[in-house]
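To start, the structure under review is shown below, and the notes come after it.
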Amino acid sequence: SAQLSNGTAKRQRVLAAPAVRKRAFELEVDLAQVPTSQPHGRVTMDDLETFVRERKDAPAPTTAE
Amino acid sequence: MTIQQIGSELTAYQILDVEGNLVGAMPNLSNERILELYRIMQLGRMFSNKIIALQRQGRATTFGSLAGQEATTVGLAAPLQPQDWLATSYREIASLIVKGVPLSTLIYSFRGFTAPYPRETHCLPIQIVIGTQMPHAVGLAMAAKIAGDPVVAVGVCGDGATSEGDFNEALNFAGVFQAPVVLVVQNNGWAISVPRSRQSAAASFASRGPGFGVHSVLVDGNDLFAVYDVMQQAVERARSDQGPTLIETLTYRLGAHTTADDPTRYRDEAEVEAWRLKDPILRLQRFLMKRNLLTEADNQKIIDEIEEEINRATDEALSLPAPAPDAFFDYTAADLLPRLQEQRQDLLRYATHQQNGRR
Amino acid sequence: MTIQQIGSELTAYQILDVEGNLVGAMPNLSNERILELYRIMQLGRMFSNKIIALQRQGRATTFGSLAGQEATTVGLAAPLQPQDWLATSYREIASLIVKGVPLSTLIYSFRGFTAPYPRETHCLPIQIVIGTQMPHAVGLAMAAKIAGDPVVAVGVCGDGATSEGDFNEALNFAGVFQAPVVLVVQNNGWAISVPRSRQSAAASFASRGPGFGVHSVLVDGNDLFAVYDVMQQAVERARSDQGPTLIETLTYRLGAHTTADDPTRYRDEAEVEAWRLKDPILRLQRFLMKRNLLTEADNQKIIDEIEEEINRATDEALSLPAPAPDAFFDYTAADLLPRLQEQRQDLLRYATHQQNGRR
Amino acid sequence: MQMTMIEALNSALSLELERDKRVVLLGQDIGVNGGVFRVTEHLQKKFGERRVFDTPLAESSIIGSSVGMAVYGLRPIAEIQFAGFLFVCMNQLASQAARIRFRSGGAYTCPLVVRSPYGGGVRTPELHSDSVEGLFLQAPGFKVVIPSNPYDAKGLLASAVADPDPVLFLENIKLYRSFRQDTPEEHYTIPLGQAKAVQEGEDVSVFAYGAMVPVALDAAKKAQQESGTSIEVIDLRTIWPLDETAIVASVEKTGRAVVVHEAPRAGGVGAEVIAIINEHCLYSLLKPIERVTGYDTPFPVPGLEDYYVPTSAKVLDAIKRVMEP
Amino acid sequence: MQMTMIEALNSALSLELERDKRVVLLGQDIGVNGGVFRVTEHLQKKFGERRVFDTPLAESSIIGSSVGMAVYGLRPIAEIQFAGFLFVCMNQLASQAARIRFRSGGAYTCPLVVRSPYGGGVRTPELHSDSVEGLFLQAPGFKVVIPSNPYDAKGLLASAVADPDPVLFLENIKLYRSFRQDTPEEHYTIPLGQAKAVQEGEDVSVFAYGAMVPVALDAAKKAQQESGTSIEVIDLRTIWPLDETAIVASVEKTGRAVVVHEAPRAGGVGAEVIAIINEHCLYSLLKPIERVTGYDTPFPVPGLEDYYVPTSAKVLDAIKRVMEP
Ligand SMILES: Cc1ncc(C[n+]2csc(CCOP(=O)(O)OP(=O)(O)O)c2C)c(N)n1
Ligand SMILES: Cc1ncc(C[n+]2csc(CCOP(=O)(O)OP(=O)(O)O)c2C)c(N)n1
Ligand SMILES: [Mg+2]
Ligand SMILES: [Mg+2]
Ligand SMILES: [Mg+2]
């Protein structure tokens, strides 16, 4: 992901454990696109892996819930 | 009373000899007061024995008996006024009793719970960290002087405590500030297994005072009258702004250091027996009986009443509920920090499934 | 020499009066040795002045001069053998010089760098935390005794330090273990701005000793012969297993507490002037000149040589490179912890772009 | 009125002595001398030796007697001449002053303030610059306050004196006279336990206290200039209790954090800030939290201290590291 | 030979006294009495009063004189009767023993071992159960060692004595006699600074030391039984320096961590472990690291201590929390 720089708008960041962020980075996934199973929009590793699996299976892009 | 000059030969001040005969001038005590103090001495010993018994039953924590030290502990507190402060170690239960701390409060504390003393007793909680109460006593006295109050503070420690930096620093502060304080060293011959002779090469702990410019007295600690006398004079000196006094009382720890100690490992029974002959309670008893102020029947009555009093207090203390598991959070600060509020909830979450041993 | 009995009236032992006349028996010192000690006293003062000058130039850190205290600092170290240990405060530079710590080492340390003393000098690094060196001295002595070595340890502190717990604890350990130690209190009248009279109500610090069973001596600290004499006797007592000695030397801090202090805020110049009359260097100088052991020309020669010596040492110390920025990592432990190896690299990464002020 | 931190503290102490007859000041050289840093200048003359007095040289008894005075009903403000000497009286602080309320079940309390200077970069002898605040996290009972400017210093000291429980008030020597700031002459308080965002930002949260606040601000300025990074600088002000709400809110916003302190690294305030972030907003964290601290060694000799004390350059590099992808 | 921890320590001390004439033992009640926990039993009789001796009641001078003895060339092993009293001698420990090598540029060193019992759940009076290891992280110079079993205790103590620098050796009272373990009678060492995986696992790393190791193992067993969770239990053994390699390797494997200690939470070993994980393997973390610790209050009265000291139930719940998605 691009280096975050002088953002003036309040950032809406996706919540995720560091391991999940790293995995998303490696998979070139934007966490904001991943549907979450947890409250507050936190993306779990399962969420990420599910998303990646379904992305591979489904050729057409899906919209997040 | 003549103040003994501190030299290589020191004589301990005595009024009542081992047989109970007067060898000096009686302090100003009514017969009623003497009997009252005698009673508290008996109470102190019997109370100590009760806590020991409770500890053996698993109903009290580690406890250090004052057996043998009743004259000092009662005598040092008896001349105090209600407004005077007392900062003791863990050995001076009878002093706290004289000052009005209820027996049930003390027993409750020995169950292993926090037991606030009534603030008006002006007794600091017993001190476990050796010697640290001595600067507290000096500070209480300094505060009284600053405030202009006719209040005296008394700090009490053992022979072992005199080796601690805090003890000597406190003596020095007392001298420099001419604090209205009396610092009492209960020299009971031992600091757990370390004998007096290995605690300091000083001829006496009383001789420690002049090196700090503090008036010092050596007294027979098993002689209630002598202890009372020197204490009263020291308290009056302090109260009349004549400065601090260091008092060393020569006494003996007849029992073990605490219920966790086995003194047969390091001292001879012969030494203990020799000191039993100087038993402070027996001595005063002999005096009272010689003066017909006490008969065998009177004495038995006193003992029976004390036993009843102790049993009542014990029942009361044992029937008091254990504190709530989270009670100690109440005593951390005036207002509980947010983080501690969370921790308190954490404790309670587990407390219902837990039981802190048996009491 | 008669050991003064500690009572309410104490006389300080003196051999050389203010005018430089003998009023007691000389200690066993050759004329050469006396001149040598005189020279070191001058060196001590001039050296102190040099460090002060360097500090004003921003080339040395905060420094506490020993001006006025040369007789004590030289006299306490002069009787020591090479194997004897010295644990001083920060005030006893001349003692370290007597023991063989090089001037350049001391100057280097005052540049603000770590300057290891040669271990064979048996001098602990100067101690900043007041009083803590006294238990070290007692420990060194205890070790010597345990090892069976004919070694004596000397601990030196100020009047202020006697109020610290550590000082009194050390005295007590010395007495109990009969440690071959000499504990010296340089009573220079002040602890920064706190006068002697507010430090303790004791009549003297020498009177502190008997309260710990330690033989004590009070000496005129501006009289080199008296200091040397009592010190030598104390060292011999210790070495011959006769136990510790407490020595109080009465002297005066002629200068400021340190280069960071302004004594005009809290003391009268009149008091300083009165003590200048008792200047230890002048006193000995008068003695030497009366005995024709020193002429004005000799004295000037000594001063010139000292100045040269100091300048040489200063040049040497100033020319020594500053230590590597990461040098202190070498002194943390025998082996540098892995985590500290990383931190060391971190320091070096920035060090090339940094400069730790000017030296 | 423009005041240095020393003047602000002197003002605070003077007001406290005036407002409350129970307040007394004690310590070494605080009377006639007015304190080695002049923080108590003129106070003995103004309020008298009964209430502002020198003690013998004995830290344990300064605190121990203060405990007694506090229990009696006075409100002592004790000075320990340098924070490195808090080691000397650690017991009276940690097992006595900190616990008298605890031990007595609230029967007795200890409204004691202990003031002490600390901090490096000022060429002091050993034990005169040490940072010891971290020890008090592991010895519960004291609040610990470390101001970074004159205005805060005065208000925080007032709150410390008002607090019914023990407060350790550490004063950074480098900041004592380093700048003047507009400071009211009258009494005011700043609540304990509240951090302050001295600069708001979006990209990185830099937590600092004491003399590290100007260091952090300097690094923040450079980061802004060099790469447009928007730095939030939070002056913790109270080290115990830490303002966890402020810490968490900031990291939830930025996702990147740096903690700066002079004290050694291990088990220090930095470690606790990291633990708090871990506990409450790990899921906001984009990069490891950086600690820019003293090394895990004793504070070095004056000649080398500048390599030890965190610098703006070190903080800037830490900012750059947390800004990496 | 089956030994309790006390017997193992006694054996270690006896061997050290035998192997090296420079070794001396000092403390309160360690001679005739053999120590209040009998750790030094019979040693004075065997090696004599010159080498095993009682001191007056003065912790600061026990350590201060030990510093002198160590510099002289002896190898003193000083006992402080209970770890809560380390507060009393904090200065001689932190500013003296810990720094004599530092201060003297290596001219003098301090091969000192300070032994002291600590730990709760044994109904002791105040200041007899306190955990104070955390303070030493912020006062560099001492290694800190806390064994959890007799075998480790003996080997670690031998290493501590061999170490040329100061070591604080804390002995958990509850573990002193709680079980016997096969322990060699001869001399052997276990290196300092090395943690030990007492149980390997895949799902959660639980870091503990002292009496918390059996607590962690008990929770691990329950976790395995209840939900098949595979727990790795790491006995830290050395608290300073922490075995960062072992900590990081474990978390890189599991991604989930729990730290358990009796000491209060703030700024403790748990905080430093979290900081280390943050620094070296943040991206392995799937969940926030849990701390199961004493509360941020003084150690409570005996009657309430069981609510304070971490239990298997608390650790198990922490394991469950980190196992959540
Ligand atoms: C600072 C400190 N060190 C050690 C202990 C452990 N300890 C408890 S009582 C005691 C002996 C005290 O002897 P003494 O002062 O003579 O009092 P006594 O028990 O004889 O009344 C010791 C060493 C302690 N409580 N506090
Ligand atoms: C434990 C400790 N407290 C306070 C200080 C600060 N301080 C440095 S020197 C000094 C006065 C020491 O007086 P004294 O012992 O008489 O020695 P002198 O400087 O007069 O030689 C003080 C208070 C210190 N260095 N150590
Ligand atoms: Mg005793
Ligand atoms: Mg002085
Ligand atoms: Mg070792």
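Residues in the structure tokens are numbered from 1 in each chain, the chains being A, B, ... in the order shown, and ligands are numbered from 1 in the order shown.
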Contact set, chain D to chain A: 9 Å, only C-alpha atoms, as number ranges by chain
D: 202-203, 224, 227-230, 252-255, 281-288, 323-325
Pull the closest atom pair for each residue of chain E that gets at most 9 Å from chain B, along with the distance in Å to one decimal, counting only C-alpha atoms, ordering rows by chain and then ascending residue number, as a tab-separated table.
residue	atom	partner	partner_atom	distance
E:Gln28	CA	B:Val194	CA	7.5
E:Asp29	CA	B:Ser193	CA	5.6
E:Ile30	CA	B:Ser193	CA	8.8
E:Gly31	CA	B:Ser193	CA	8.8
E:Val32	CA	B:Tyr266	CA	6.1
E:Asn33	CA	B:Tyr266	CA	6.2
E:Val36	CA	B:Asp261	CA	7.9
E:Asp54	CA	B:Val194	CA	7.3
E:Thr55	CA	B:Gln199	CA	7.5
E:Pro56	CA	B:Gln199	CA	4.8
E:Leu57	CA	B:Ser163	CA	5.4
E:Ala58	CA	B:Glu164	CA	4.8
E:Glu59	CA	B:Glu164	CA	7.6
E:Ser60	CA	B:Gly165	CA	7.9
E:Ser61	CA	B:Glu164	CA	8.8
E:Gly84	CA	B:Val129	CA	8.8
E:Phe85	CA	B:Val129	CA	7.4
E:Val88	CA	B:Val129	CA	8.8
E:Arg123	CA	B:Thr61	CA	6.6
E:Thr124	CA	B:Thr62	CA	7.0
E:Pro125	CA	B:Thr62	CA	7.1
E:Glu126	CA	B:Ile128	CA	6.5
E:Leu127	CA	B:Val129	CA	7.4
E:Tyr295	CA	B:Gln343	CA	6.5
E:Asp296	CA	B:Leu340	CA	6.9
E:Thr297	CA	B:Thr332	CA	6.6
E:Pro298	CA	B:Thr332	CA	8.0
E:Pro300	CA	B:Phe328	CA	6.7
E:Val301	CA	B:Gly112	CA	5.8
E:Pro302	CA	B:Gly112	CA	4.9
E:Gly303	CA	B:Gly112	CA	4.4
E:Leu304	CA	B:Pro325	CA	6.0
E:Glu305	CA	B:Asn356	CA	7.2
E:Asp306	CA	B:Asn356	CA	5.2
E:Tyr307	CA	B:Leu347	CA	6.3
E:Tyr308	CA	B:Leu347	CA	7.3
E:Ala313	CA	B:Tyr350	CA	7.9
E:Lys314	CA	B:Tyr350	CA	7.6
Set the distance at 8 Å and use only C-alpha atoms: which residues neighbour E:Tyr151 once local chain neighbours fewer than 6 positions away are removed? I'd like the list as a compact mmCIF listing (two decimals) with C-alpha atoms, in the first residue's frame.
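Result written to selection-v5.txt:
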# COMPACT_ATOMS: atom_id res chain seq x y z
CA MET E 5 14.33 -26.17 45.92
CA ALA E 8 18.98 -27.72 45.81
CA GLN E 181 12.80 -33.06 41.65
CA ASP E 182 15.67 -35.14 40.48
CA THR E 183 18.71 -32.91 40.96
CA PRO E 184 22.37 -33.88 40.58
Give the residues of chain B that lie within 10 Å of chain C; count only C-alpha atoms, and format the answer as a ChimeraX atom specification.
/B:5-8,162-178,197-214
Run DSSP on the backbone and grab whatever in stretch 45-210 of chain C lands in strand (DSSP E or B); send it over as a list in words.
Trp85, Leu86, Ala87, Cys123, Ala153, Val154, Gly155, Val156, Cys157, Gly158, Val181, Val182, Leu183, Val184, Val185, Gln186, Asn187, Trp190, Ala191, Val194 and Pro195 of chain C
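Summary of the local environment: counting only C-alpha atoms, residues at most 7 Å from stretch 67-77 of chain B, other than itself and those fewer than 6 positions away along its chain, are Leu37, Met41, Gly44, Arg45, Glu92, Ala94, Ser95, Val98, Lys99, Gly221, Asn222, Asp223, Leu224, Val227, Tyr228, Met231, Thr249, Thr251, Tyr252, Arg253, Leu254, Gly255, Asp279 and Pro280 of chain B.
Atom CA of E:Ala318 lies 9.0 Å from atom CA of E:Ile289.
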If DSSP is run on the backbone, what residues of stretch 71-267 of chain D are alpha helix (DSSP H)? A reply as a PyMOL selection string would be ideal.
chain D and resi 71-72+90-91+100-103+150-162+173-176+212-227+244-254
Next, write the just-selected residues to a file, as an mmCIF file, in the first residue's frame, keeping C-alpha atoms as the atom set.
data_model
loop_
_atom_site.group_PDB
_atom_site.id
_atom_site.type_symbol
_atom_site.label_atom_id
_atom_site.label_comp_id
_atom_site.auth_asym_id
_atom_site.auth_seq_id
_atom_site.Cartn_x
_atom_site.Cartn_y
_atom_site.Cartn_z
ATOM 1 C CA VAL D 71 -0.453 11.455 59.072
ATOM 2 C CA TYR D 72 -0.573 14.072 61.803
ATOM 3 C CA MET D 90 13.073 4.039 48.220
ATOM 4 C CA ASN D 91 11.769 2.142 51.202
ATOM 5 C CA ILE D 100 0.014 3.996 54.893
ATOM 6 C CA ARG D 101 -3.556 4.377 53.673
ATOM 7 C CA PHE D 102 -3.523 0.797 52.395
ATOM 8 C CA ARG D 103 -2.057 -0.614 55.579
ATOM 9 C CA PRO D 150 6.273 26.444 33.333
ATOM 10 C CA TYR D 151 2.533 26.786 32.896
ATOM 11 C CA ASP D 152 1.908 23.067 33.390
ATOM 12 C CA ALA D 153 4.456 22.882 36.178
ATOM 13 C CA LYS D 154 2.629 25.397 38.309
ATOM 14 C CA GLY D 155 -0.823 23.966 37.743
ATOM 15 C CA LEU D 156 0.267 20.387 38.183
ATOM 16 C CA LEU D 157 2.161 21.154 41.374
ATOM 17 C CA ALA D 158 -0.954 22.776 42.768
ATOM 18 C CA SER D 159 -2.933 19.651 41.964
ATOM 19 C CA ALA D 160 -0.233 17.496 43.482
ATOM 20 C CA VAL D 161 -0.467 19.413 46.741
ATOM 21 C CA ALA D 162 -4.246 19.154 46.683
ATOM 22 C CA ILE D 173 16.765 20.318 35.153
ATOM 23 C CA LYS D 174 17.275 21.267 31.507
ATOM 24 C CA LEU D 175 13.819 22.821 31.424
ATOM 25 C CA TYR D 176 14.214 24.695 34.680
ATOM 26 C CA MET D 212 11.664 15.083 25.587
ATOM 27 C CA VAL D 213 8.619 17.170 24.665
ATOM 28 C CA PRO D 214 10.641 19.935 22.978
ATOM 29 C CA VAL D 215 12.803 17.201 21.437
ATOM 30 C CA ALA D 216 9.689 15.536 20.042
ATOM 31 C CA LEU D 217 8.336 18.847 18.787
ATOM 32 C CA ASP D 218 11.593 19.560 17.031
ATOM 33 C CA ALA D 219 11.566 16.192 15.328
ATOM 34 C CA ALA D 220 7.919 16.698 14.424
ATOM 35 C CA LYS D 221 8.729 19.996 12.772
ATOM 36 C CA LYS D 222 11.493 18.412 10.715
ATOM 37 C CA ALA D 223 9.224 15.538 9.714
ATOM 38 C CA GLN D 224 6.638 18.007 8.548
ATOM 39 C CA GLN D 225 9.205 20.001 6.597
ATOM 40 C CA GLU D 226 11.033 17.073 5.074
ATOM 41 C CA SER D 227 8.150 14.847 4.091
ATOM 42 C CA GLU D 244 -4.786 5.679 28.657
ATOM 43 C CA THR D 245 -7.778 7.291 26.989
ATOM 44 C CA ALA D 246 -5.598 9.917 25.334
ATOM 45 C CA ILE D 247 -2.963 7.390 24.327
ATOM 46 C CA VAL D 248 -5.497 5.076 22.772
ATOM 47 C CA ALA D 249 -7.476 7.814 21.044
ATOM 48 C CA SER D 250 -4.323 9.119 19.420
ATOM 49 C CA VAL D 251 -3.156 5.742 18.162
ATOM 50 C CA GLU D 252 -6.596 4.845 16.923
ATOM 51 C CA LYS D 253 -6.310 7.977 14.823
ATOM 52 C CA THR D 254 -2.756 7.641 13.564
#
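The spacing separating atom CA of C:Leu282 from atom CA of C:Val235 amounts to 26.8 Å.
Taking atom CA of B:Asp220 as the reference point, atom CA of B:Thr11 is found at 9.0 Å.
You can rank E:Thr4, E:Ser66, E:Thr40, E:Gln81 by their closest distance to ligand 1 using only C-alpha atoms and all ligand atoms, and at the top of that list sits E:Gln81.
Look at C:Ile146: the protein and nucleic acid residues within 8 Å of it, using only C-alpha atoms and passing over chain neighbours fewer than 4 places away, are Met142 of chain C; Arg50 and Arg51 of chain E.
Residues of protein or nucleic acid lying within 6 Å of ligand 5, counting only C-alpha atoms and all ligand atoms, are Pro111, Leu112, Val113, Ala160, Val161, Ala162, Asp163, Pro164, Asp165 and Pro166 of chain E.
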Can you tell me which residues surround E:Arg291 at a distance of at most 9 Å, considering only C-alpha atoms, apart from same-chain residues fewer than 6 positions away, and format the answer as an MDAnalysis selection string?
(chainID D and resid 275 279) or (chainID E and resid 257:261 265 270:271 274 315 318)
